[in-house]
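In what follows, a single structure is set out as structure tokens and then discussed.
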Amino acid sequence: MLCMKILLELMPSKPSSDSSKRYFTFAERRKAPRYGLVAIAELTDAGDAKMLSAKVTEVSRTGCYVDSPKTFPVGTSLKVIISRDQRTFVAKADVIHVQEQMGMGIAFIDPPQDQLKILDSWLAGLPSSSSVGSIPLSSRR
């Protein structure tokens, strides 16, 4: 609730006369719908080979959110391996958002088509969590 209050205070009550200023909801900024999904992820820092295991809680065709008390810094390049239903999705990725001691937002970097097919098979039939509202599920604790 505190996050919502802060966001509402930051947004103008009236539309700006300057059409170049546009305020986006979280859902509008996303390139793809996201889905609630529980899976295991192995994240390996491409630079120094540090590895971290984490729980995927949200995923889309363009990235995922992982719950983990340990995080990599924003901008870290990773190799991501997500395992679910005896299948594995592998892609290069970048850390794009960090919530200290909670988790990270990760953007996939050009996943190969065969890997996207695996991801698509997981997403098929799952309800999109983007339609729930404009506040990320990870903020609703």
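Chain identifiers are assigned as A, B, and so on, following the order in which chains appear in the structure tokens; residues are numbered from 1 within each chain, and ligands are numbered from 1 in order of appearance.
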Write out as JSON, numbers by chain which residues come within 7 Å of Ser128 (chain A) when counting only C-alpha atoms, dropping same-chain ones fewer than 6 positions away.
{"A": [33, 34, 35]}
For the residues in the current selection, export N, CA and C atoms as a compact mmCIF listing (two decimals), in the first residue's frame.
```
# COMPACT_ATOMS: atom_id res chain seq x y z
N PRO A 33 3.20 -9.80 -21.66
CA PRO A 33 2.48 -10.11 -20.43
C PRO A 33 3.30 -11.03 -19.54
N ARG A 34 3.11 -10.90 -18.24
CA ARG A 34 3.85 -11.76 -17.33
C ARG A 34 2.90 -12.74 -16.67
N TYR A 35 3.46 -13.82 -16.20
CA TYR A 35 2.69 -14.92 -15.67
C TYR A 35 3.28 -15.36 -14.34
```
Shell around Gln101 (chain A) at 12 Å using only C-alpha atoms, local window under 6 positions removed, as number ranges by chain:
A: 54, 66-73
Write out as a PyMOL selection string which residues come within 7 Å of Thr44 (chain A) when counting only C-alpha atoms, dropping same-chain ones fewer than 6 positions away.
chain A and resi 50-52+78-80
Could you write those residues out with C-alpha atoms, as a PDB file, in the first residue's frame?
```pdb
ATOM      1  CA  LYS A  50      29.580 -16.909  -9.435  1.00  0.00           C
ATOM      2  CA  MET A  51      26.429 -19.021  -9.278  1.00  0.00           C
ATOM      3  CA  LEU A  52      23.195 -18.415  -7.401  1.00  0.00           C
ATOM      4  CA  LEU A  78      24.090 -13.755 -16.577  1.00  0.00           C
ATOM      5  CA  LYS A  79      23.501 -17.200 -17.946  1.00  0.00           C
ATOM      6  CA  VAL A  80      20.026 -18.231 -16.777  1.00  0.00           C
TER       7      VAL A  80
END
```
Just the residues within 7 Å of Ile96 (chain A), please, counting only C-alpha atoms, with nothing from its chain fewer than 6 positions along; format it as a list in words.
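That gives Val74, Gly75, Gly105, Ile106 and Ala107 of chain A.
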Between CA of Thr57 (chain A) and CA of Asp45 (chain A), what is the distance in Å, rounded to a tenth?
20.2 Å
List the spatial neighbours of Phe89 (chain A) as a PyMOL selection string - criterion: any atom at most 9 Å away, only C-alpha atoms, same-chain residues fewer than 2 positions off excluded.
chain A and resi 80-84+87+91+114-116+118-119
Write to file, as a PDB file, in the first residue's frame, the residues of the selection just made, with C-alpha atoms.
```pdb
ATOM      1  CA  VAL A  80      20.026 -18.231 -16.777  1.00  0.00           C
ATOM      2  CA  ILE A  81      18.868 -21.834 -16.514  1.00  0.00           C
ATOM      3  CA  ILE A  82      15.221 -22.255 -15.470  1.00  0.00           C
ATOM      4  CA  SER A  83      13.989 -25.760 -14.681  1.00  0.00           C
ATOM      5  CA  ARG A  84      10.338 -26.797 -14.563  1.00  0.00           C
ATOM      6  CA  ARG A  87      12.385 -29.250 -19.015  1.00  0.00           C
ATOM      7  CA  ALA A  91      19.335 -17.969 -22.098  1.00  0.00           C
ATOM      8  CA  ASP A 114      14.158 -23.597 -29.419  1.00  0.00           C
ATOM      9  CA  GLN A 115      14.364 -22.080 -25.927  1.00  0.00           C
ATOM     10  CA  LEU A 116      11.412 -19.758 -26.580  1.00  0.00           C
ATOM     11  CA  ILE A 118      10.064 -24.313 -24.120  1.00  0.00           C
ATOM     12  CA  LEU A 119       9.109 -21.046 -22.434  1.00  0.00           C
TER      13      LEU A 119
END
```
Shortest contact to Ile109 (chain A), candidates A:Ala32, A:Val90, A:Ala49, A:Leu37, atoms counted only C-alpha atoms, goes to A:Val90
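The coordinates place CA of Trp122 (chain A) at 13.0 Å from CA of Cys64 (chain A).
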